[in-house]
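Asker: This is the content of protein-v3.csv (CSV, C-alpha atoms):
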chain,number,residue,atom,x,y,z
A,871,MET,CA,69.6,40.6,80.5
A,872,ASP,CA,68.0,40.3,77.0
A,873,VAL,CA,64.8,39.1,78.6
A,874,LEU,CA,64.9,42.1,81.0
A,875,ARG,CA,65.5,44.6,78.1
A,876,GLY,CA,62.5,43.1,76.2
A,877,TRP,CA,60.3,43.2,79.3
A,878,ALA,CA,61.3,46.8,80.0
A,879,ALA,CA,60.6,48.0,76.5
A,880,LEU,CA,57.2,46.3,76.5
A,881,ALA,CA,56.4,47.9,79.9
A,882,VAL,CA,57.1,51.4,78.5
A,883,ALA,CA,55.1,50.7,75.3
A,884,LEU,CA,52.1,49.3,77.1
A,885,HIS,CA,52.2,52.2,79.6
A,886,HIS,CA,52.0,54.7,76.8
A,887,ALA,CA,49.4,52.6,74.9
A,888,SER,CA,47.2,52.6,78.0
A,889,TYR,CA,46.6,56.4,77.4
A,890,VAL,CA,45.0,55.5,74.1
A,891,TYR,CA,43.4,52.1,74.7
A,892,LEU,CA,43.0,51.5,78.4
A,893,PRO,CA,42.6,54.8,80.3
A,894,HIS,CA,40.8,53.3,83.3
A,895,VAL,CA,43.6,50.8,83.8
A,896,ARG,CA,46.2,53.6,83.7
A,897,ILE,CA,44.3,55.6,86.2
A,898,ALA,CA,44.0,52.6,88.5
A,899,LEU,CA,47.8,52.0,88.3
A,900,GLN,CA,48.9,55.6,88.6
A,901,GLY,CA,48.0,55.8,92.3
A,902,TRP,CA,50.9,53.6,93.3
A,903,PHE,CA,53.0,52.7,90.4
A,904,ASP,CA,54.5,54.2,87.2
A,905,PRO,CA,55.0,51.5,84.6
A,906,GLY,CA,56.9,53.9,82.2
A,907,THR,CA,59.4,55.0,84.8
A,908,TYR,CA,59.7,51.4,86.0
A,909,GLY,CA,60.6,50.2,82.5
A,910,VAL,CA,63.2,53.0,82.1
A,911,LEU,CA,64.9,52.2,85.4
A,912,VAL,CA,65.1,48.5,84.5
A,913,PHE,CA,66.7,49.6,81.2
A,914,PHE,CA,69.2,51.8,83.0
A,915,LEU,CA,70.2,49.0,85.4
A,916,VAL,CA,70.7,46.6,82.5
A,917,SER,CA,72.7,49.3,80.6
A,918,GLY,CA,74.9,49.7,83.6
A,919,TYR,CA,75.5,46.0,83.8
A,920,ILE,CA,76.3,45.6,80.1
A,921,VAL,CA,77.7,48.7,78.5
A,922,PRO,CA,81.0,49.2,80.5
A,923,ALA,CA,81.8,45.6,80.0
A,924,SER,CA,81.6,46.0,76.3
A,925,LEU,CA,84.1,48.8,76.4
A,926,GLU,CA,86.5,46.9,78.6
A,927,ARG,CA,86.2,43.8,76.5
A,928,ARG,CA,87.3,45.7,73.5
A,929,GLU,CA,89.8,47.8,75.4
A,930,SER,CA,89.3,50.3,72.6
A,931,VAL,CA,87.5,53.6,73.0
A,932,ARG,CA,87.3,54.0,69.3
A,933,GLY,CA,85.8,50.6,68.9
A,934,PHE,CA,83.3,51.4,71.7
A,935,TRP,CA,82.1,54.6,70.1
A,936,ILE,CA,81.8,53.0,66.7
A,937,GLY,CA,79.8,50.2,68.2
A,938,ARG,CA,77.5,52.7,70.0
A,939,PHE,CA,77.0,54.8,66.9
A,940,PHE,CA,75.9,51.9,64.7
A,941,ARG,CA,73.8,50.4,67.6
A,942,ILE,CA,71.8,53.6,68.1
A,943,TYR,CA,71.9,56.1,65.3
A,944,PRO,CA,70.6,54.3,62.2
A,945,LEU,CA,67.3,53.4,63.8
A,946,LEU,CA,67.2,56.7,65.7
A,947,ALA,CA,67.5,58.6,62.5
A,948,VAL,CA,64.7,56.6,60.8
A,949,THR,CA,62.3,57.0,63.6
A,950,CYS,CA,63.0,60.7,64.1
A,951,LEU,CA,62.4,61.3,60.4
A,952,LEU,CA,59.1,59.5,60.7
A,953,ALA,CA,58.1,61.4,63.8
A,954,VAL,CA,58.6,64.8,62.0
A,955,LEU,CA,57.2,63.7,58.7
A,956,PRO,CA,53.6,64.9,59.4
A,957,PHE,CA,55.0,68.3,60.3
A,958,LEU,CA,57.1,68.4,57.1
A,959,LEU,CA,53.9,67.5,55.1
A,960,GLY,CA,52.0,70.3,56.9
A,961,VAL,CA,49.6,67.9,58.6
A,962,ARG,CA,50.4,68.6,62.3
A,963,GLY,CA,52.8,70.4,64.5
A,964,LEU,CA,55.7,68.9,66.4
A,965,ARG,CA,55.5,67.8,70.0
A,966,ALA,CA,56.1,70.1,72.9
A,967,GLY,CA,56.6,73.1,70.6
A,968,LEU,CA,59.7,71.9,68.9
A,969,GLU,CA,58.7,73.7,65.7
A,970,HIS,CA,59.4,77.0,67.5
A,971,TYR,CA,63.1,76.2,67.7
A,972,HIS,CA,65.5,77.0,64.9
A,973,PRO,CA,65.8,73.9,62.7
A,974,ALA,CA,69.6,73.9,63.1
A,975,THR,CA,69.2,74.0,66.9
A,976,ALA,CA,66.7,71.2,67.0
A,977,ILE,CA,68.6,68.9,64.6
A,978,LEU,CA,72.0,69.6,66.2
A,979,ALA,CA,70.6,68.9,69.7
A,980,HIS,CA,69.1,65.6,68.5
A,981,LEU,CA,72.3,64.6,66.8
A,982,THR,CA,74.1,64.8,70.1
A,983,MET,CA,71.4,62.6,71.6
A,984,MET,CA,71.5,65.0,74.6
A,985,GLN,CA,68.6,67.2,73.6
A,986,ASP,CA,66.8,66.6,76.9
A,987,LEU,CA,69.8,68.0,78.7
A,988,LEU,CA,70.0,71.0,76.4
A,989,ALA,CA,66.5,72.4,77.0
A,990,VAL,CA,65.3,71.3,73.5
A,991,PRO,CA,62.0,69.3,73.3
A,992,ASN,CA,62.3,65.7,72.2
A,993,ALA,CA,61.0,64.8,68.8
A,994,MET,CA,59.4,61.8,70.5
A,995,ASN,CA,58.6,61.5,74.1
A,996,VAL,CA,60.8,58.5,74.7
A,997,LEU,CA,64.0,60.1,73.5
A,998,TRP,CA,64.7,61.8,76.9
A,999,THR,CA,66.2,58.5,78.2
A,1000,LEU,CA,68.8,58.5,75.5
A,1001,SER,CA,70.2,61.7,76.8
A,1002,TYR,CA,71.0,60.0,80.1
A,1003,GLU,CA,72.4,57.0,78.3
A,1004,MET,CA,74.7,59.3,76.4
A,1005,ALA,CA,75.8,61.0,79.6
A,1006,PHE,CA,76.5,57.5,81.1
A,1007,TYR,CA,78.6,56.6,78.1
A,1008,LEU,CA,80.7,59.7,78.4
A,1009,LEU,CA,81.3,59.1,82.1
A,1010,VAL,CA,82.2,55.5,81.5
A,1011,VAL,CA,84.8,56.5,78.9
A,1012,ALA,CA,86.1,59.2,81.2
A,1013,LEU,CA,86.7,56.6,84.0
A,1014,PHE,CA,88.2,54.1,81.6
A,1015,VAL,CA,90.8,56.4,80.1
A,1016,ILE,CA,92.2,57.3,83.6
A,1017,ARG,CA,92.0,53.7,84.8
A,1018,ALA,CA,89.3,54.5,87.4
A,1019,HIS,CA,86.7,52.3,85.7
A,1020,ARG,CA,86.6,49.7,88.4
A,1021,ARG,CA,85.5,52.3,90.9
A,1022,SER,CA,81.9,51.9,89.9
A,1023,ALA,CA,80.7,51.2,93.4
A,1024,PRO,CA,82.0,54.4,95.0
A,1025,VAL,CA,80.9,56.4,91.9
A,1026,SER,CA,77.4,55.1,92.3
A,1027,VAL,CA,77.3,55.8,96.0
A,1028,GLY,CA,78.7,59.3,95.4
A,1029,LEU,CA,76.1,60.1,92.8
A,1030,THR,CA,73.4,58.9,95.3
A,1031,ALA,CA,74.8,61.1,98.0
A,1032,ALA,CA,74.8,64.1,95.5
A,1033,ALA,CA,71.1,63.3,94.7
A,1034,LEU,CA,70.3,63.4,98.4
A,1035,ALA,CA,72.4,66.4,99.4
A,1036,ALA,CA,72.1,68.7,96.4
A,1037,GLY,CA,69.4,67.3,94.2
A,1038,GLY,CA,66.7,69.4,95.5
A,1039,LEU,CA,68.7,72.6,95.7
A,1040,LEU,CA,69.2,73.2,92.0
A,1041,PRO,CA,66.4,74.1,89.5
A,1042,THR,CA,65.8,72.3,86.3
A,1043,TRP,CA,67.5,73.7,83.1
A,1044,LEU,CA,69.6,76.0,85.3
A,1045,LEU,CA,72.5,76.4,82.8
A,1046,SER,CA,70.3,77.0,79.8
A,1047,GLY,CA,68.2,79.4,81.8
A,1048,LEU,CA,71.2,81.5,82.7
A,1049,LEU,CA,72.9,81.5,79.3
A,1050,SER,CA,69.8,81.8,77.1
A,1051,ARG,CA,69.2,85.3,78.4
A,1052,THR,CA,72.5,86.4,76.7
A,1053,ALA,CA,73.4,83.8,74.2
A,1054,GLY,CA,70.2,81.9,73.5
A,1055,VAL,CA,69.4,78.2,73.5
A,1056,GLY,CA,71.0,77.8,70.1
A,1057,ALA,CA,74.3,79.0,71.3
A,1058,VAL,CA,74.2,76.6,74.3
A,1059,VAL,CA,73.4,73.7,72.0
A,1060,ALA,CA,76.2,74.7,69.6
A,1061,VAL,CA,78.8,75.0,72.3
A,1062,CYS,CA,77.9,71.7,73.9
A,1063,SER,CA,77.8,70.0,70.6
A,1064,ALA,CA,81.2,71.3,69.7
A,1065,ALA,CA,82.5,70.1,73.1
A,1066,LEU,CA,81.0,66.7,72.6
A,1067,VAL,CA,82.5,66.3,69.1
A,1068,ALA,CA,85.9,67.4,70.4
A,1069,ALA,CA,85.7,65.1,73.4
A,1070,ILE,CA,84.9,62.0,71.3
A,1071,ALA,CA,87.4,62.9,68.6
A,1072,ALA,CA,90.2,63.3,71.2
A,1073,ALA,CA,89.1,60.1,73.1
A,1074,VAL,CA,89.4,58.0,70.0
A,1075,SER,CA,92.9,59.4,69.2
A,1076,GLY,CA,95.9,57.2,69.0
A,1077,ARG,CA,97.7,59.5,71.5
A,1078,ALA,CA,97.4,58.7,75.2
A,1079,ALA,CA,97.3,62.3,76.3
A,1080,ALA,CA,94.6,63.2,73.8
A,1081,ARG,CA,92.5,60.2,74.9
A,1082,VAL,CA,92.7,61.3,78.5
A,1083,ALA,CA,91.9,64.9,77.7
A,1084,GLY,CA,89.0,63.9,75.5
A,1085,GLY,CA,87.6,61.4,78.0
A,1086,LEU,CA,87.8,63.9,80.8
A,1087,LEU,CA,86.2,66.6,78.7
A,1088,GLY,CA,83.3,64.3,77.8
A,1089,GLY,CA,82.9,63.2,81.4
A,1090,LEU,CA,82.9,66.9,82.6
A,1091,LEU,CA,80.3,67.8,80.0
A,1092,ALA,CA,78.0,64.9,81.1
A,1093,ALA,CA,78.4,65.8,84.8
A,1094,VAL,CA,77.6,69.4,84.2
A,1095,LEU,CA,74.6,68.8,82.0
A,1096,VAL,CA,73.1,66.2,84.3
A,1097,ALA,CA,73.7,68.2,87.5
A,1098,LEU,CA,72.8,71.7,86.1
A,1099,ASN,CA,70.6,71.3,83.0
A,1100,GLY,CA,68.2,68.4,83.3
A,1101,ARG,CA,64.6,68.7,82.5
A,1102,VAL,CA,63.7,66.2,85.2
A,1103,GLY,CA,64.5,67.1,88.8
A,1104,VAL,CA,68.3,67.1,89.5
A,1105,TRP,CA,67.8,64.6,92.2
A,1106,GLN,CA,66.1,62.2,89.8
A,1107,GLY,CA,68.8,62.6,87.1
A,1108,LEU,CA,71.6,61.9,89.6
A,1109,ALA,CA,69.6,59.0,91.0
A,1110,MET,CA,69.2,57.4,87.6
A,1111,MET,CA,72.9,57.8,86.8
A,1112,ALA,CA,73.7,56.2,90.2
A,1113,LEU,CA,71.5,53.2,89.4
A,1114,MET,CA,73.3,52.7,86.1
A,1115,PHE,CA,76.7,52.6,87.9
A,1116,ALA,CA,75.2,50.3,90.5
A,1117,GLY,CA,74.4,47.9,87.7
A,1118,THR,CA,78.1,48.1,86.7
A,1119,ALA,CA,79.2,47.5,90.3
A,1120,VAL,CA,77.0,44.3,90.4
A,1121,HIS,CA,78.7,43.1,87.2
A,1122,ARG,CA,82.2,43.8,88.6
A,1123,ALA,CA,81.5,42.0,91.9
A,1124,GLU,CA,80.0,39.0,90.0
A,1125,HIS,CA,83.2,38.7,87.9
A,1126,GLY,CA,85.7,39.2,90.7
A,1127,GLN,CA,86.8,42.7,89.6
A,1128,ILE,CA,85.9,44.2,92.9
A,1129,PRO,CA,85.2,42.7,96.3
A,1130,ARG,CA,81.7,41.2,96.7
A,1131,TRP,CA,81.0,43.4,99.7
A,1132,SER,CA,81.6,46.5,97.6
A,1133,GLY,CA,79.2,45.4,94.9
A,1134,GLY,CA,76.7,44.3,97.5
A,1135,ALA,CA,76.9,47.7,99.3
A,1136,ALA,CA,76.2,49.5,96.0
A,1137,ALA,CA,73.3,47.2,95.3
A,1138,VAL,CA,71.8,48.1,98.6
A,1139,LEU,CA,72.8,51.7,99.3
A,1140,VAL,CA,72.1,53.1,95.8
A,1141,PRO,CA,68.4,51.9,95.5
A,1142,ALA,CA,67.8,52.9,99.1
A,1143,GLY,CA,69.4,56.3,98.5
A,1144,ALA,CA,67.4,56.8,95.2
A,1145,LEU,CA,64.2,56.0,97.1
A,1146,ALA,CA,65.1,58.4,99.9
A,1147,ALA,CA,66.0,61.1,97.5
A,1148,GLY,CA,62.6,60.9,95.9
A,1149,VAL,CA,60.7,60.8,99.2
A,1150,TRP,CA,62.8,63.8,100.5
A,1151,ASN,CA,62.5,65.9,97.4
A,1152,LEU,CA,58.8,65.1,96.8
A,1153,HIS,CA,57.9,66.0,100.4
A,1154,GLY,CA,54.4,67.3,100.8
A,1155,ASP,CA,53.1,65.1,97.9
A,1156,TRP,CA,52.6,61.7,99.5
A,1157,HIS,CA,51.1,60.4,96.3
A,1158,ALA,CA,54.2,61.1,94.2
A,1159,GLN,CA,56.4,59.7,97.0
A,1160,LEU,CA,54.4,56.5,97.0
A,1161,VAL,CA,54.6,56.1,93.2
A,1162,TRP,CA,58.3,56.8,93.2
A,1163,ALA,CA,59.0,54.4,96.0
A,1164,GLY,CA,56.9,51.6,94.4
A,1165,THR,CA,58.5,52.2,91.0
A,1166,VAL,CA,62.1,52.1,92.3
A,1167,LEU,CA,61.5,49.0,94.4
A,1168,ALA,CA,59.8,47.1,91.5
A,1169,ALA,CA,62.6,48.0,89.1
A,1170,VAL,CA,65.3,46.9,91.5
A,1171,ALA,CA,63.4,43.7,92.3
A,1172,THR,CA,63.0,42.9,88.6
A,1173,PHE,CA,66.7,43.4,87.9
A,1174,GLY,CA,67.6,41.4,90.9
A,1175,ALA,CA,65.3,38.5,89.8
A,1176,GLY,CA,66.9,38.6,86.3
A,1177,TRP,CA,70.3,38.6,87.8
A,1178,LEU,CA,69.5,35.6,90.0
A,1179,LEU,CA,68.1,33.7,86.9
A,1180,ARG,CA,71.0,34.8,84.6
A,1181,HIS,CA,72.2,31.2,84.2
A,1182,ARG,CA,68.8,29.8,83.3
A,1183,GLY,CA,67.6,29.1,79.8
A,1184,PHE,CA,64.8,31.2,78.4
A,1185,PRO,CA,62.5,30.7,75.4
A,1186,ARG,CA,63.7,32.1,72.1
A,1187,TRP,CA,60.7,34.4,71.9
A,1188,ALA,CA,61.7,36.0,75.2
A,1189,THR,CA,65.3,36.6,74.3
A,1190,GLY,CA,64.1,37.7,70.8
A,1191,LEU,CA,62.0,40.3,72.4
A,1192,GLY,CA,65.1,41.7,74.0
A,1193,THR,CA,67.0,41.7,70.7
A,1194,ALA,CA,64.2,43.8,69.3
A,1195,SER,CA,63.8,45.9,72.4
A,1196,PHE,CA,65.3,49.1,71.0
A,1197,SER,CA,63.0,48.9,67.9
A,1198,ILE,CA,60.0,48.3,70.1
A,1199,TYR,CA,61.0,51.3,72.3
A,1200,LEU,CA,61.4,53.7,69.4
A,1201,LEU,CA,58.6,52.5,67.2
A,1202,HIS,CA,55.7,52.4,69.7
A,1203,PRO,CA,55.3,56.2,69.9
A,1204,LEU,CA,55.0,56.4,66.1
A,1205,LEU,CA,52.2,53.7,66.1
A,1206,LEU,CA,50.4,55.5,68.9
A,1207,MET,CA,50.7,58.8,67.0
A,1208,VAL,CA,49.0,57.2,64.0
A,1209,ALA,CA,46.3,55.5,66.2
A,1210,ALA,CA,45.5,58.6,68.3
A,1211,GLN,CA,45.9,61.5,65.8
A,1212,PHE,CA,45.0,59.9,62.5
A,1213,LEU,CA,42.7,57.1,63.3
A,1214,GLY,CA,41.0,58.7,66.3
A,1215,GLN,CA,41.5,55.8,68.6
A,1216,SER,CA,41.9,57.5,71.9
A,1217,GLY,CA,40.3,57.9,75.3
A,1218,ARG,CA,38.0,54.9,75.4
A,1219,GLU,CA,38.4,51.4,76.7
A,1220,ASP,CA,39.4,49.2,73.7
A,1221,VAL,CA,41.0,45.9,74.7
A,1222,LEU,CA,40.9,44.6,71.1
A,1223,GLY,CA,42.6,47.8,70.0
A,1224,MET,CA,45.4,47.2,72.5
A,1225,LEU,CA,45.9,43.6,71.3
A,1226,VAL,CA,46.0,44.8,67.7
A,1227,PHE,CA,48.5,47.5,68.7
A,1228,LEU,CA,50.7,44.9,70.4
A,1229,VAL,CA,50.7,42.5,67.5
A,1230,VAL,CA,51.6,45.3,65.0
A,1231,LEU,CA,54.3,46.6,67.3
A,1232,LEU,CA,55.9,43.2,67.7
A,1233,ALA,CA,55.8,42.6,64.0
A,1234,ALA,CA,57.2,46.1,63.2
A,1235,GLY,CA,59.9,45.7,65.9
A,1236,TRP,CA,61.0,42.3,64.4
A,1237,ALA,CA,61.2,43.8,60.9
A,1238,SER,CA,63.0,46.9,62.1
A,1239,GLN,CA,65.6,44.9,64.0
A,1240,ARG,CA,66.2,42.5,61.1
A,1241,TRP,CA,66.4,45.1,58.3
A,1242,ILE,CA,67.7,48.3,60.1
A,1243,GLU,CA,69.4,47.4,63.3
A,1244,ALA,CA,71.1,44.1,62.4
A,1245,PRO,CA,72.8,45.3,59.2
A,1246,ALA,CA,73.9,48.5,60.9
A,1247,GLN,CA,75.4,46.6,63.8
A,1248,ARG,CA,77.2,44.2,61.4
A,1249,LEU,CA,78.7,47.2,59.7
A,1250,GLY,CA,79.7,48.7,63.0
A,1251,ARG,CA,81.4,45.5,64.1
A,1252,ARG,CA,83.4,45.3,60.8
A,1253,LEU,CA,84.6,48.9,61.3
A,1254,ALA,CA,85.3,48.4,65.0
A,1255,ARG,CA,87.6,45.5,64.1
A,1256,ARG,CA,89.8,48.0,62.2
A,1257,ALA,CA,90.2,50.1,65.4
A,1258,PRO,CA,93.7,50.3,67.0
A,1259,SER,CA,94.9,47.2,68.8
A,1260,LYS,CA,94.0,46.8,72.4
A,1261,ALA,CA,97.5,47.5,73.6
A,1262,ALA,CA,97.5,50.9,71.8
A,1263,GLU,CA,94.4,52.1,73.7
A,1264,ARG,CA,95.0,50.8,77.2
A,1265,PRO,CA,93.8,53.3,79.8
A,1266,VAL,CA,96.4,55.6,81.2
A,1267,LEU,CA,97.0,55.8,84.9
A,1268,VAL,CA,96.5,59.3,86.2
A,1269,SER,CA,97.6,59.9,89.8
Please express the file's structure as structure tokens.

Answerer:
Amino acid sequence: MDVLRGWAALAVALHHASYVYLPHVRIALQGWFDPGTYGVLVFFLVSGYIVPASLERRESVRGFWIGRFFRIYPLLAVTCLLAVLPFLLGVRGLRAGLEHYHPATAILAHLTMMQDLLAVPNAMNVLWTLSYEMAFYLLVVALFVIRAHRRSAPVSVGLTAAALAAGGLLPTWLLSGLLSRTAGVGAVVAVCSAALVAAIAAAVSGRAAARVAGGLLGGLLAAVLVALNGRVGVWQGLAMMALMFAGTAVHRAEHGQIPRWSGGAAAVLVPAGALAAGVWNLHGDWHAQLVWAGTVLAAVATFGAGWLLRHRGFPRWATGLGTASFSIYLLHPLLLMVAAQFLGQSGREDVLGMLVFLVVLLAAGWASQRWIEAPAQRLGRRLARRAPSKAAERPVLVS
């Protein structure tokens, strides 16, 4: 799984770098395959396979959220600051018109990590995927606190069915569009942020009833935002969530937590449904249908190959790439911003430039992982060990 994470991060980075260094290669690929979306889908499948297991291993919602915070936020804060630094220095504007939003709204939305589900532009283009990761975390916690966490297979199939049945009927950013006319985007962000804080605060409580209430509130918030307020098509948002839970179902079947046929059914039905949802909702655009189908099939095949080889040994450089995958993912847009907007390296074939970019990215990713990510994670583990005992936070059965 580490190897898959590293490969996925590299696929996304090279896809974005092709806009700057290899535009003809990008044009040749875009007719049948989207490397960026491919890398993201591999990431989501791996997250589904790994993340719920980390919660259940701890059996502590508080420990889970502490671990997630120190895994993500320190590096996220550093890279977001670097992304907006040229704007703060008066050198250039922010991407996608983010400077037109009230600073409090923009900052608060990014603090929730759900800005892409709150109709607020991302400070960096890659941050949209973190919104769906956060929604997944909230749903995972919701299922855990009511002891429904082993129902990953039916949840994944249900999300796929929703993508097929209703994914094309709802417009993007529906909730923000309706409420912004009266309250404004800032009010929507404030309310959702308050709900998120309340949900997590209650879910980490020492009281069983509060944990259930907080977990369910967080799950409801995630479900509403993904279904009613995504920037991408609703069918695509639901399909991505379904793929994450399909990864979870594969893990459960592998470890005997659910019947093998159940995990196998999710592993087949969810990708097939995601592919069908794309083909159905992109009807009339055969090119987009072809790209989506090729991308989904390639991502599922890659994850499947990684799963089949999970007991094999891999070179340290390959697993090390996975360890630094988050740094690679968040740092590469910054390097491309410098190359394209400050060094003028854009729009021409430059194989040497691509190689230099790759070397610099790997070096920066290694340094970032060692000096930002690793110390933060060690601190998070120390704090998580102080969380309540496992027995104190066992999930509560809700009939």

Asker: I need the residue nearest A:His1125 from this list: A:Leu1087, A:Leu1222, A:Leu1160, A:Ala923. Use only C-alpha atoms for the distance.

Answerer: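 Of A:Leu1087, A:Leu1222, A:Leu1160, A:Ala923, the one nearest A:His1125 is A:Ala923, counting only C-alpha atoms.
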
Asker: List as a PDB file with C-alpha atoms, in the frame of the given file: which residues have an atom within 6 Å of (87.4, 52.0, 79.5), counting only C-alpha atoms?

Answerer:
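That gives us out_37.pdb:
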ATOM      1  CA  LEU A 925      84.100  48.800  76.400  1.00  0.00           C
ATOM      2  CA  GLU A 926      86.500  46.900  78.600  1.00  0.00           C
ATOM      3  CA  VAL A1011      84.800  56.500  78.900  1.00  0.00           C
ATOM      4  CA  PHE A1014      88.200  54.100  81.600  1.00  0.00           C
ATOM      5  CA  VAL A1015      90.800  56.400  80.100  1.00  0.00           C
TER       6      VAL A1015
END

Asker: Quote the spacing between atom CA of A:Ala1119 and atom CA of A:Ala1036 in Å to one decimal place.

Answerer: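 About the pair atom CA of A:Ala1119 and atom CA of A:Ala1036: they are 23.2 Å apart.
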
Asker: Near A:Gly1176, counting only C-alpha atoms, which residues have an atom at most 12 Å away, once you skip same-chain residues fewer than 2 positions from it, shown as a VMD selection string?

Answerer: chain A and resid 871 to 878 912 915 to 916 919 1169 to 1174 1178 to 1184

Asker: I need the residue nearest A:His1202 from this list: A:Val1010, A:Ala953, A:Leu1098, A:Leu911. Use all atoms listed in the file for the distance.

Answerer: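 Under the stated criterion, the closest residue is A:Ala953.
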
Asker: When you count only C-alpha atoms, which of these residues is closest to A:Leu1206: A:Val1067, A:Leu1040, A:Val890, A:Met1110?

Answerer: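 Checking each of A:Val1067, A:Leu1040, A:Val890, A:Met1110 against A:Leu1206, counting only C-alpha atoms, the winner is A:Val890.
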
Asker: Restricting the calculation to only C-alpha atoms, which member of A:Ser924, A:Gln985, A:Ser930, A:Gln1239 is positioned closest to A:Ser1075?

Answerer: A:Ser930

Asker: Between A:Trp1241, A:Tyr1007, A:Phe934, A:Tyr908, which residue has the minimum interatomic distance to A:Val948, considering all atoms listed in the file?

Answerer: A:Trp1241

Asker: Figure out the distance between atom CA of A:Val1140 and atom CA of A:Val1025, please, to one decimal in Å.

Answerer: 10.2 Å

Asker: Compare A:Leu1009, A:Ala974, A:Val1059, A:Met1004 by their minimum atom-to-atom distance to A:Ala989, counting all atoms listed in the file, and give me the closest one.

Answerer: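 Looking at the shortest contact to A:Ala989, the residue is A:Val1059.
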
Asker: Rounded to one decimal in Å, what is the spacing between atom CA of A:Ile897 and atom CA of A:Asn992?

Answerer: 24.9 Å

Asker: Which neighbours of A:Gly967 fall inside 10 Å, counting all atoms listed in the file, when residues of the same chain fewer than 3 positions from it are skipped, and could you give them as a short mmCIF file (atom, residue, chain, number, x, y, z; two decimals) with C-alpha atoms, in the frame of the given file?

Answerer:
data_model
loop_
_atom_site.label_atom_id
_atom_site.label_comp_id
_atom_site.auth_asym_id
_atom_site.auth_seq_id
_atom_site.Cartn_x
_atom_site.Cartn_y
_atom_site.Cartn_z
CA GLY A 963 52.80 70.40 64.50
CA LEU A 964 55.70 68.90 66.40
CA HIS A 970 59.40 77.00 67.50
CA TYR A 971 63.10 76.20 67.70
CA VAL A 990 65.30 71.30 73.50
CA PRO A 991 62.00 69.30 73.30
CA ASN A 992 62.30 65.70 72.20
CA ALA A 993 61.00 64.80 68.80
#

Asker: Counting all atoms listed in the file, what is within 12 Å of A:Gly960, bar same-chain residues fewer than 5 positions away, as a compact mmCIF listing (two decimals) with C-alpha atoms, in the coordinates of the input?

Answerer:
# COMPACT_ATOMS: atom_id res chain seq x y z
CA VAL A 954 58.60 64.80 62.00
CA LEU A 955 57.20 63.70 58.70
CA GLU A 969 58.70 73.70 65.70

Asker: Near A:Ala1083, counting all atoms listed in the file, which residues have an atom at most 10 Å away, once you skip same-chain residues fewer than 4 positions from it, shown as a PDB file with C-alpha atoms, in the coordinates of the input?

Answerer:
ATOM      1  CA  ALA A1012      86.100  59.200  81.200  1.00  0.00           C
ATOM      2  CA  VAL A1015      90.800  56.400  80.100  1.00  0.00           C
ATOM      3  CA  ILE A1016      92.200  57.300  83.600  1.00  0.00           C
ATOM      4  CA  ALA A1068      85.900  67.400  70.400  1.00  0.00           C
ATOM      5  CA  ALA A1069      85.700  65.100  73.400  1.00  0.00           C
ATOM      6  CA  ILE A1070      84.900  62.000  71.300  1.00  0.00           C
ATOM      7  CA  ALA A1072      90.200  63.300  71.200  1.00  0.00           C
ATOM      8  CA  ALA A1073      89.100  60.100  73.100  1.00  0.00           C
ATOM      9  CA  ALA A1078      97.400  58.700  75.200  1.00  0.00           C
ATOM     10  CA  ALA A1079      97.300  62.300  76.300  1.00  0.00           C
ATOM     11  CA  LEU A1087      86.200  66.600  78.700  1.00  0.00           C
ATOM     12  CA  GLY A1088      83.300  64.300  77.800  1.00  0.00           C
ATOM     13  CA  GLY A1089      82.900  63.200  81.400  1.00  0.00           C
TER      14      GLY A1089
END

Asker: For A:Val1104, list every protein, DNA or RNA residue within 7 Å, evaluated using all atoms listed in the file, and leave out those in the same chain fewer than 5 positions away; present the list as a list of chain:residue names.

Answerer: A:Gly1037, A:Gly1038, A:Leu1040, A:Thr1042, A:Ala1097
